[in-house]
Amino acid sequence: MFASALRQSRADGSLSGSLPRNIIAGITVGIVALPLSMGLAIASGVPPQHGLYTAIVGGIVVALLGGSRVNISGPTAAFVVVLLPVVQQFGLGGLLLAGLMAGLITVAFGLLRFGRLIQVMPYPVIVGFTSGIGTVIAFLQLKDFLGLQPEPGASHFLDQLGRLAAALPTLRWQELFIGVLTLGTLILWKKVPGRIPAYLVALLVGTITGVIFNHSGALPGVDTIAARFHFDLNGVEGNGIPPIAPHFLLPWQLPGPDGQPIGLSWELLRALLGPAFSIALLGALESLLCAVVADSMSGHQHDPDSELVGQGMGNIAVAFFGGIPVTAAIARTATNVRSGATTPVSAIVHGLFVLLAMLLLAPWLSLVPMAAMAAVLMMVAWNMSEARHALHIVRRAPRADAAVLLTCFALTVIIDMQVAVAGGLALASVLFIRRVTELTQIKTVEPREETEYQQQKGVVLYDLDGPMFFGAAHKALKIVTSVDRDVHTVVLDLKDVGLMDATAMSNLEDIANHLARRHTVLYLIHVRPELVNKMRRYGLLGKSTPIRFARDYQTVLQSVLIDRAATA
């Protein structure tokens with residue numbers, strides 16, 4: 001379960017046999033990850049270096065311990081709507097503690113082999129989440145994209161949107177110019193053939209333009225990473241991004257919302273449990289979805305439980321090195337595969353490249369305009385929103401699926417991600433129960449093989465088809481209680497029933513007692529051995545239960561004839 005991707009790569013010889021191409025792929029995806037890691041950290045409410053720490057530590061640890069050969073892990077847009085409220089309420093220390101707790105939860109998911117289970121989350125639920133997250137991220141970037149100065153203090157999306165609208169008179173044209181220029185470059189460069197990442201080109205154009213604005217006496221200045229963020233690490237002070245590698249620290253010693261060390265207490269852990277679970281579930285969904293996409297592109301198969309363990313260990317590790325929660329990133333993983341990656345080496349090289357860039361290029365990275373970063377995140381939000389898929393589901397999918405998507409979208413945008421996750425899980429469960437209930441059927445049948453017994457009066461045969469659990473048992477079995485008064489024997493054929501829970505067995509017992517009061521006998525035939533064992537443990541095979549078992553329909557009719565003859 002641990003490091004399955006690395007072990008598989010070593011076993012088939014690809015770890016050493018394809019080393020050069022994986023190094024090149026790692027450098028390529030590192031170039032893409034560099035600006036995205038900074039931008040997603042800023043969008044989450046923390047300084048940009050914490051996103052770089054995440055790509056470095058998380059990217060390497062998950063690659064070493066995970067279950068996908070080509071997944072690239074780091075900060076992702078899916079987390080922004082969860083992390084930002086945590087930072088606003090609990091500060092950086094609270095965020096890292098929540099990430100640590102999420103890591104422990106994710107490891108538990110993997111050890112309990114929840115990987116396959118998490119993968120069956122309905123597609124409308126996932127698209128509702130991603131569309132809502134993309135919408136929130138895009139609107140939150142309007143502040144820097146337009147150079148607005150809204151009133152601080154808004155915590156919910158609608159409040160933030162209202163304050164952004166009220167701040168429109170503070171719009172700064174120079175910020176808008178750089179934002180539009182960067183966004184336009186992003187869109188147009190993707191149409192240019194070549195392997196130079198569009199994010200890199202767009203940020204170069206935006207940064208060069210920002211330097212011209214800031215060093216020209218005739219033009220107004222623009223806001224940059226260096227102007228926005230200040231660091232003080234181990235006595236080293238400066239503006240922008242510190243040229244210092246991530247180092248070990250204790251999350252609870254980092255500042256809370258009041259600027260003082262947040263500390264460690266049961267009250268704090270209880271308060272962070274909800275956000276931690278949301279982070280763990282979102283991270284698990286994102287990483288496993290990413291692994292499925294990567295499998296389809298690379299031809300390899302991932303181990304979902306090993307991937308969850310790796311993602312959990314990555315989140316535990318980054319919390320002790322100043323990183324924000326980590327998960328697999330679909331866009332970066334796709335770039336990795338297209339660049340020729342076949343083993344976890346590419347993800348390790350990607351982390352080392354980000355580390356080297358941080359150490360050598362920190363002063364230049366600090367010159368990136370905030371409007372340019374906002375433009376990059378708007379493009380990330382658009383790609384994440386899957387607007388075309390969402391609209392297609394709303395227009396063409398069954399109404400229940402469309403309603404689920406719109407509900408998850410509304411909960412994500414209007415309320416918050418914790419409520420959306422809980423609502424999404426509930427809707428997924430309801431949708432699953434409804435679909436399975438529709439599959440479970442009961443019908444009256446006429447026996448075809450035992451023709452000599454067809455004329456036996458007072459015997460009714462029902463065929464049950466599908467799983468019998470709490471969502472379907474009552475619906476399927478209630479028809480049995482409405483048999484005619486002249487029926488003295490009811491037979492249930494369970495040949496096509498592979499699952500039966502306590503609710504179904506309780507319903508069976510109730511029906512048998514109801515029929516017994518009418519002097520009607522209930523027989524079960526073709527019962528699978530595993531179901532017989534369950535019924536025995538439940539107590540349905542005892543003398544106190546008026547349920548009889550038979551091998552087949554013919555055996556039942558023989559017993560009926562013997563009983564009738566004995567009472568005649």
# chains A, B, ... in the order shown; residues from 1 in each chain; ligands from 1

call {"tool": "closest_atom_pairs", "arguments": {"of": "range 133-207 of chain A", "to": "range 80-99 of chain A", "cutoff": "9 Å", "atoms": "only C-alpha atoms", "output": "Markdown table"}}
result
| residue | atom | partner | partner_atom | distance |
| --- | --- | --- | --- | --- |
| A:Ile133 | CA | A:Val81 | CA | 6.4 |
| A:Val136 | CA | A:Val81 | CA | 7.2 |
| A:Ile137 | CA | A:Val80 | CA | 7.3 |
| A:Ser155 | CA | A:Pro85 | CA | 6.8 |
| A:His156 | CA | A:Pro85 | CA | 8.4 |

call {"tool": "write_last_selection", "arguments": {"atoms": "N, CA, C and O atoms", "output": "PDB file, in the first residue's frame"}}
result
ATOM      1  N   ILE A 133     -16.471  26.225  -7.165  1.00  0.00           N
ATOM      2  CA  ILE A 133     -15.147  26.674  -6.740  1.00  0.00           C
ATOM      3  C   ILE A 133     -14.545  27.614  -7.778  1.00  0.00           C
ATOM      4  O   ILE A 133     -13.983  28.663  -7.442  1.00  0.00           O
ATOM      5  N   VAL A 136     -16.189  31.076  -7.556  1.00  0.00           N
ATOM      6  CA  VAL A 136     -15.737  31.852  -6.396  1.00  0.00           C
ATOM      7  C   VAL A 136     -14.325  32.377  -6.619  1.00  0.00           C
ATOM      8  O   VAL A 136     -14.038  33.561  -6.361  1.00  0.00           O
ATOM      9  N   ILE A 137     -13.430  31.519  -7.104  1.00  0.00           N
ATOM     10  CA  ILE A 137     -12.038  31.944  -7.322  1.00  0.00           C
ATOM     11  C   ILE A 137     -11.978  33.090  -8.324  1.00  0.00           C
ATOM     12  O   ILE A 137     -11.263  34.084  -8.113  1.00  0.00           O
ATOM     13  N   SER A 155     -16.511  37.876   4.941  1.00  0.00           N
ATOM     14  CA  SER A 155     -16.078  36.484   5.012  1.00  0.00           C
ATOM     15  C   SER A 155     -16.812  35.587   4.027  1.00  0.00           C
ATOM     16  O   SER A 155     -16.253  34.602   3.551  1.00  0.00           O
ATOM     17  N   HIS A 156     -18.065  35.899   3.702  1.00  0.00           N
ATOM     18  CA  HIS A 156     -18.835  35.084   2.770  1.00  0.00           C
ATOM     19  C   HIS A 156     -18.776  35.676   1.370  1.00  0.00           C
ATOM     20  O   HIS A 156     -18.581  36.874   1.183  1.00  0.00           O
TER      21      HIS A 156
END

call {"tool": "residues_around", "arguments": {"residues": "range 231-234 of chain A", "least_positions_apart": "5", "cutoff": "10 Å", "atoms": "only C-alpha atoms", "output": "list in words"}}
result
Pro47, Gln49, Ala226, Asn239, Gly240, Ile241, Pro242 and Ile244 of chain A

call {"tool": "closest_residue", "arguments": {"among": "A:Val354, A:Leu425, A:Leu285, A:Ile414", "to": "Ala328 in chain A", "atoms": "only C-alpha atoms"}}
result
A:Leu285

call {"tool": "closest_residue", "arguments": {"among": "A:Arg10, A:Arg434, A:His389, A:Arg396", "to": "Phe469 in chain A", "atoms": "only C-alpha atoms"}}
result
A:Arg434

call {"tool": "select_by_dssp", "arguments": {"residues": "range 170-354 of chain A", "states": "alpha helix (DSSP H)", "output": "MDAnalysis selection string"}}
result
chainID A and resid 173:189 198:214 225:228 266:298 304:319 330:338 345:354

call {"tool": "atom_distance", "arguments": {"atom1": "CA of Asn336 in chain A", "atom2": "CA of Ala294 in chain A"}}
result
9.3 Å

call {"tool": "residues_around", "arguments": {"residues": "His488 in chain A", "least_positions_apart": "6", "cutoff": "7 Å", "atoms": "only C-alpha atoms", "output": "MDAnalysis selection string"}}
result
chainID A and resid 458:459 519:521

call {"tool": "write_last_selection", "arguments": {"atoms": "N, CA, C and O atoms", "output": "mmCIF file, in the first residue's frame"}}
result
data_model
loop_
_atom_site.group_PDB
_atom_site.id
_atom_site.type_symbol
_atom_site.label_atom_id
_atom_site.label_comp_id
_atom_site.auth_asym_id
_atom_site.auth_seq_id
_atom_site.Cartn_x
_atom_site.Cartn_y
_atom_site.Cartn_z
ATOM 1 N N GLY A 458 -53.894 -21.376 -4.377
ATOM 2 C CA GLY A 458 -53.497 -20.820 -3.093
ATOM 3 C C GLY A 458 -52.010 -20.616 -2.923
ATOM 4 O O GLY A 458 -51.563 -20.275 -1.821
ATOM 5 N N VAL A 459 -51.205 -20.846 -3.989
ATOM 6 C CA VAL A 459 -49.752 -20.651 -3.924
ATOM 7 C C VAL A 459 -49.377 -19.531 -4.891
ATOM 8 O O VAL A 459 -49.752 -19.566 -6.068
ATOM 9 N N HIS A 519 -52.813 -17.058 8.601
ATOM 10 C CA HIS A 519 -52.635 -18.484 8.328
ATOM 11 C C HIS A 519 -52.036 -18.712 6.940
ATOM 12 O O HIS A 519 -52.430 -19.647 6.222
ATOM 13 N N THR A 520 -51.112 -17.842 6.578
ATOM 14 C CA THR A 520 -50.401 -17.958 5.305
ATOM 15 C C THR A 520 -48.922 -18.196 5.594
ATOM 16 O O THR A 520 -48.326 -17.521 6.435
ATOM 17 N N VAL A 521 -48.321 -19.160 4.889
ATOM 18 C CA VAL A 521 -46.925 -19.536 5.120
ATOM 19 C C VAL A 521 -46.033 -18.826 4.110
ATOM 20 O O VAL A 521 -46.376 -18.715 2.925
#

call {"tool": "residues_around", "arguments": {"residues": "Arg228 in chain A", "least_positions_apart": "2", "cutoff": "12 Å", "atoms": "only C-alpha atoms", "output": "list in words"}}
result
Ile42, Gly45, Val46, Pro47, Pro48, Asp144, Val222, Asp223, Thr224, Ile225, Ala226, His230, Phe231, Gly238, Asn239, Gly240, Ile241, Ser366, Leu367, Val368, Pro369, Met370 and Ala371 of chain A

call {"tool": "closest_residue", "arguments": {"among": "A:Gly259, A:Ser216, A:Leu36, A:Thr327", "to": "Gly314 in chain A", "atoms": "only C-alpha atoms"}}
result
A:Thr327

call {"tool": "residues_around", "arguments": {"residues": "His526 in chain A", "least_positions_apart": "5", "cutoff": "10 Å", "atoms": "only C-alpha atoms", "output": "PDB file with N, CA, C and O atoms, in the first residue's frame"}}
result
ATOM      1  N   LEU A 492     -41.050 -16.619  -2.108  1.00  0.00           N
ATOM      2  CA  LEU A 492     -40.151 -15.568  -2.597  1.00  0.00           C
ATOM      3  C   LEU A 492     -38.909 -16.217  -3.188  1.00  0.00           C
ATOM      4  O   LEU A 492     -38.177 -16.934  -2.497  1.00  0.00           O
ATOM      5  N   ASP A 493     -38.663 -15.981  -4.470  1.00  0.00           N
ATOM      6  CA  ASP A 493     -37.471 -16.510  -5.144  1.00  0.00           C
ATOM      7  C   ASP A 493     -36.350 -15.471  -5.008  1.00  0.00           C
ATOM      8  O   ASP A 493     -36.433 -14.378  -5.570  1.00  0.00           O
ATOM      9  N   LEU A 494     -35.301 -15.813  -4.251  1.00  0.00           N
ATOM     10  CA  LEU A 494     -34.194 -14.887  -3.991  1.00  0.00           C
ATOM     11  C   LEU A 494     -32.955 -15.198  -4.819  1.00  0.00           C
ATOM     12  O   LEU A 494     -31.838 -14.819  -4.457  1.00  0.00           O
ATOM     13  N   LYS A 495     -33.143 -15.867  -5.943  1.00  0.00           N
ATOM     14  CA  LYS A 495     -31.997 -16.252  -6.766  1.00  0.00           C
ATOM     15  C   LYS A 495     -31.196 -15.038  -7.231  1.00  0.00           C
ATOM     16  O   LYS A 495     -29.965 -15.089  -7.327  1.00  0.00           O
ATOM     17  N   ASP A 496     -31.879 -13.931  -7.516  1.00  0.00           N
ATOM     18  CA  ASP A 496     -31.210 -12.737  -8.042  1.00  0.00           C
ATOM     19  C   ASP A 496     -30.945 -11.687  -6.969  1.00  0.00           C
ATOM     20  O   ASP A 496     -30.716 -10.514  -7.282  1.00  0.00           O
ATOM     21  N   VAL A 497     -30.996 -12.086  -5.710  1.00  0.00           N
ATOM     22  CA  VAL A 497     -30.719 -11.168  -4.599  1.00  0.00           C
ATOM     23  C   VAL A 497     -29.331 -11.488  -4.048  1.00  0.00           C
ATOM     24  O   VAL A 497     -29.102 -12.577  -3.508  1.00  0.00           O
ATOM     25  N   PHE A 549     -37.625 -22.335   4.580  1.00  0.00           N
ATOM     26  CA  PHE A 549     -36.669 -22.321   3.484  1.00  0.00           C
ATOM     27  C   PHE A 549     -36.819 -23.601   2.676  1.00  0.00           C
ATOM     28  O   PHE A 549     -37.065 -24.688   3.234  1.00  0.00           O
ATOM     29  N   ALA A 550     -36.669 -23.470   1.362  1.00  0.00           N
ATOM     30  CA  ALA A 550     -36.733 -24.627   0.470  1.00  0.00           C
ATOM     31  C   ALA A 550     -35.724 -24.450  -0.654  1.00  0.00           C
ATOM     32  O   ALA A 550     -35.309 -23.325  -0.962  1.00  0.00           O
ATOM     33  N   ARG A 551     -35.357 -25.622  -1.262  1.00  0.00           N
ATOM     34  CA  ARG A 551     -34.350 -25.557  -2.322  1.00  0.00           C
ATOM     35  C   ARG A 551     -34.896 -24.869  -3.572  1.00  0.00           C
ATOM     36  O   ARG A 551     -34.244 -24.036  -4.182  1.00  0.00           O
ATOM     37  N   ASP A 552     -36.111 -25.217  -3.972  1.00  0.00           N
ATOM     38  CA  ASP A 552     -36.692 -24.656  -5.185  1.00  0.00           C
ATOM     39  C   ASP A 552     -38.216 -24.682  -5.076  1.00  0.00           C
ATOM     40  O   ASP A 552     -38.789 -25.123  -4.063  1.00  0.00           O
ATOM     41  N   TYR A 553     -38.856 -24.244  -6.143  1.00  0.00           N
ATOM     42  CA  TYR A 553     -40.323 -24.122  -6.138  1.00  0.00           C
ATOM     43  C   TYR A 553     -41.002 -25.487  -6.065  1.00  0.00           C
ATOM     44  O   TYR A 553     -42.026 -25.657  -5.409  1.00  0.00           O
TER      45      TYR A 553
END

call {"tool": "select_by_dssp", "arguments": {"residues": "range 190-324 of chain A", "states": "strand (DSSP E)", "output": "JSON, numbers by chain"}}
result
{"A": [230, 231, 232, 233, 236, 237, 238, 239]}

call {"tool": "residues_around", "arguments": {"residues": "Gly39 in chain A", "least_positions_apart": "6", "cutoff": "8 Å", "atoms": "only C-alpha atoms", "output": "PyMOL selection string"}}
result
chain A and resi 48+51+373-374+376-377

call {"tool": "write_last_selection", "arguments": {"atoms": "all heavy atoms", "output": "tab-separated table (two decimals), in the first residue's frame"}}
result
chain	number	residue	atom	x	y	z
A	48	PRO	N	3.08	34.03	-0.84
A	48	PRO	CA	3.32	33.08	-1.95
A	48	PRO	C	4.33	31.99	-1.65
A	48	PRO	O	4.26	30.91	-2.25
A	48	PRO	CB	3.80	34.00	-3.07
A	48	PRO	CG	4.28	35.24	-2.40
A	48	PRO	CD	3.41	35.41	-1.20
A	51	GLY	N	2.99	28.49	-0.90
A	51	GLY	CA	2.61	27.66	-2.04
A	51	GLY	C	3.81	26.96	-2.64
A	51	GLY	O	3.73	25.80	-3.06
A	373	MET	N	-0.94	37.97	-11.56
A	373	MET	CA	-1.28	36.75	-10.83
A	373	MET	C	-2.79	36.52	-10.85
A	373	MET	O	-3.26	35.39	-10.98
A	373	MET	CB	-0.78	36.84	-9.39
A	373	MET	CG	0.72	36.87	-9.22
A	373	MET	SD	1.58	35.44	-9.92
A	373	MET	CE	0.76	34.09	-9.12
A	374	ALA	N	-3.54	37.59	-10.71
A	374	ALA	CA	-5.00	37.47	-10.74
A	374	ALA	C	-5.47	36.95	-12.09
A	374	ALA	O	-6.39	36.12	-12.17
A	374	ALA	CB	-5.65	38.82	-10.43
A	376	VAL	N	-3.79	35.00	-14.14
A	376	VAL	CA	-3.45	33.58	-14.19
A	376	VAL	C	-4.49	32.76	-13.43
A	376	VAL	O	-4.95	31.71	-13.91
A	376	VAL	CB	-2.04	33.35	-13.62
A	376	VAL	CG1	-1.79	31.86	-13.39
A	376	VAL	CG2	-0.99	33.93	-14.56
A	377	LEU	N	-4.87	33.23	-12.25
A	377	LEU	CA	-5.85	32.49	-11.45
A	377	LEU	C	-7.23	32.51	-12.09
A	377	LEU	O	-8.01	31.57	-11.91
A	377	LEU	CB	-5.90	33.06	-10.04
A	377	LEU	CG	-4.65	32.78	-9.19
A	377	LEU	CD1	-4.73	33.51	-7.87
A	377	LEU	CD2	-4.49	31.29	-8.96

call {"tool": "residues_around", "arguments": {"residues": "Ile511 in chain A", "least_positions_apart": "4", "cutoff": "12 Å", "atoms": "only C-alpha atoms", "output": "list in words"}}
result
Ala473, His474, Ala476, Leu477, Lys478, Ile479, Val480, Thr481, Ser482, Val483, Val490, Leu492, Ala504, Met505, Ser506, Asn507, Leu515, Ala516, Arg517, Arg518, Thr520, Val521, Leu522, Tyr523, Thr545, Pro546 and Ile547 of chain A

call {"tool": "write_last_selection", "arguments": {"atoms": "N, CA, C and O atoms", "output": "CSV table (one decimal), in the first residue's frame"}}
result
chain,number,residue,atom,x,y,z
A,473,ALA,N,-35.9,-2.4,0.3
A,473,ALA,CA,-36.6,-3.5,0.9
A,473,ALA,C,-38.1,-3.2,1.1
A,473,ALA,O,-38.9,-4.1,0.7
A,474,HIS,N,-38.4,-2.1,1.7
A,474,HIS,CA,-39.8,-1.8,2.0
A,474,HIS,C,-40.6,-1.7,0.7
A,474,HIS,O,-41.7,-2.3,0.6
A,476,ALA,N,-40.0,-3.1,-2.2
A,476,ALA,CA,-40.1,-4.3,-2.9
A,476,ALA,C,-41.0,-5.3,-2.2
A,476,ALA,O,-41.7,-6.1,-2.9
A,477,LEU,N,-41.0,-5.3,-0.9
A,477,LEU,CA,-41.7,-6.4,-0.2
A,477,LEU,C,-43.1,-6.0,0.2
A,477,LEU,O,-43.9,-6.9,0.6
A,478,LYS,N,-43.5,-4.7,0.1
A,478,LYS,CA,-44.9,-4.3,0.6
A,478,LYS,C,-45.9,-5.0,-0.2
A,478,LYS,O,-47.1,-5.2,0.2
A,479,ILE,N,-45.6,-5.3,-1.5
A,479,ILE,CA,-46.6,-6.0,-2.4
A,479,ILE,C,-47.0,-7.3,-1.8
A,479,ILE,O,-48.1,-7.8,-2.0
A,480,VAL,N,-46.1,-8.0,-1.1
A,480,VAL,CA,-46.4,-9.3,-0.6
A,480,VAL,C,-47.5,-9.3,0.4
A,480,VAL,O,-48.3,-10.3,0.6
A,481,THR,N,-47.7,-8.2,1.2
A,481,THR,CA,-48.7,-8.2,2.2
A,481,THR,C,-50.1,-8.0,1.7
A,481,THR,O,-51.1,-8.0,2.4
A,482,SER,N,-50.2,-7.8,0.4
A,482,SER,CA,-51.5,-7.5,-0.2
A,482,SER,C,-52.1,-8.7,-1.0
A,482,SER,O,-52.9,-8.5,-1.9
A,483,VAL,N,-51.6,-9.9,-0.7
A,483,VAL,CA,-52.1,-11.1,-1.4
A,483,VAL,C,-53.5,-11.3,-1.0
A,483,VAL,O,-54.0,-10.9,0.0
A,490,VAL,N,-47.0,-18.2,0.3
A,490,VAL,CA,-46.3,-17.2,-0.5
A,490,VAL,C,-44.9,-17.7,-0.6
A,490,VAL,O,-44.2,-18.0,0.3
A,492,LEU,N,-41.1,-16.6,-2.1
A,492,LEU,CA,-40.2,-15.6,-2.6
A,492,LEU,C,-38.9,-16.2,-3.2
A,492,LEU,O,-38.2,-16.9,-2.5
A,504,ALA,N,-33.8,-5.1,5.5
A,504,ALA,CA,-34.5,-6.1,4.7
A,504,ALA,C,-34.9,-7.3,5.5
A,504,ALA,O,-36.1,-7.9,5.3
A,505,MET,N,-34.0,-7.8,6.3
A,505,MET,CA,-34.4,-9.0,7.1
A,505,MET,C,-35.5,-8.7,8.2
A,505,MET,O,-36.3,-9.6,8.4
A,506,SER,N,-35.4,-7.5,8.7
A,506,SER,CA,-36.5,-7.1,9.6
A,506,SER,C,-37.8,-7.0,8.9
A,506,SER,O,-38.9,-7.5,9.4
A,507,ASN,N,-37.8,-6.5,7.7
A,507,ASN,CA,-39.0,-6.4,6.9
A,507,ASN,C,-39.6,-7.8,6.5
A,507,ASN,O,-40.8,-8.1,6.6
A,515,LEU,N,-48.3,-12.4,7.6
A,515,LEU,CA,-48.9,-13.5,6.9
A,515,LEU,C,-49.3,-14.7,7.8
A,515,LEU,O,-50.4,-15.3,7.6
A,516,ALA,N,-48.5,-14.9,8.8
A,516,ALA,CA,-48.9,-16.0,9.7
A,516,ALA,C,-50.2,-15.7,10.5
A,516,ALA,O,-50.9,-16.7,10.8
A,517,ARG,N,-50.4,-14.5,10.8
A,517,ARG,CA,-51.7,-14.1,11.4
A,517,ARG,C,-52.9,-14.4,10.5
A,517,ARG,O,-54.0,-14.6,11.0
A,518,ARG,N,-52.6,-14.5,9.2
A,518,ARG,CA,-53.7,-14.8,8.3
A,518,ARG,C,-53.6,-16.3,7.9
A,518,ARG,O,-54.3,-16.7,6.9
A,520,THR,N,-51.1,-17.8,6.6
A,520,THR,CA,-50.4,-18.0,5.3
A,520,THR,C,-48.9,-18.2,5.6
A,520,THR,O,-48.3,-17.5,6.4
A,521,VAL,N,-48.3,-19.2,4.9
A,521,VAL,CA,-46.9,-19.5,5.1
A,521,VAL,C,-46.0,-18.8,4.1
A,521,VAL,O,-46.4,-18.7,2.9
A,522,LEU,N,-44.9,-18.3,4.6
A,522,LEU,CA,-43.9,-17.7,3.7
A,522,LEU,C,-42.7,-18.6,3.5
A,522,LEU,O,-42.0,-19.1,4.5
A,523,TYR,N,-42.4,-18.9,2.2
A,523,TYR,CA,-41.2,-19.7,1.9
A,523,TYR,C,-40.2,-18.8,1.1
A,523,TYR,O,-40.5,-18.0,0.3
A,545,THR,N,-39.4,-18.1,14.3
A,545,THR,CA,-39.7,-17.3,13.1
A,545,THR,C,-40.5,-18.1,12.1
A,545,THR,O,-40.1,-19.2,11.7
A,546,PRO,N,-41.7,-17.6,11.6
A,546,PRO,CA,-42.6,-18.3,10.7
A,546,PRO,C,-42.1,-18.3,9.3
A,546,PRO,O,-42.9,-18.1,8.4
A,547,ILE,N,-40.8,-18.4,9.0
A,547,ILE,CA,-40.2,-18.3,7.7
A,547,ILE,C,-39.7,-19.7,7.4
A,547,ILE,O,-38.9,-20.3,8.2

call {"tool": "closest_residue", "arguments": {"among": "A:Leu6, A:Ala375, A:Val318, A:Val460", "to": "His50 in chain A", "atoms": "only C-alpha atoms"}}
result
A:Val318

call {"tool": "closest_residue", "arguments": {"among": "A:Ser44, A:Gln141, A:Ser429, A:Thr76", "to": "Glu286 in chain A", "atoms": "only C-alpha atoms"}}
result
A:Thr76
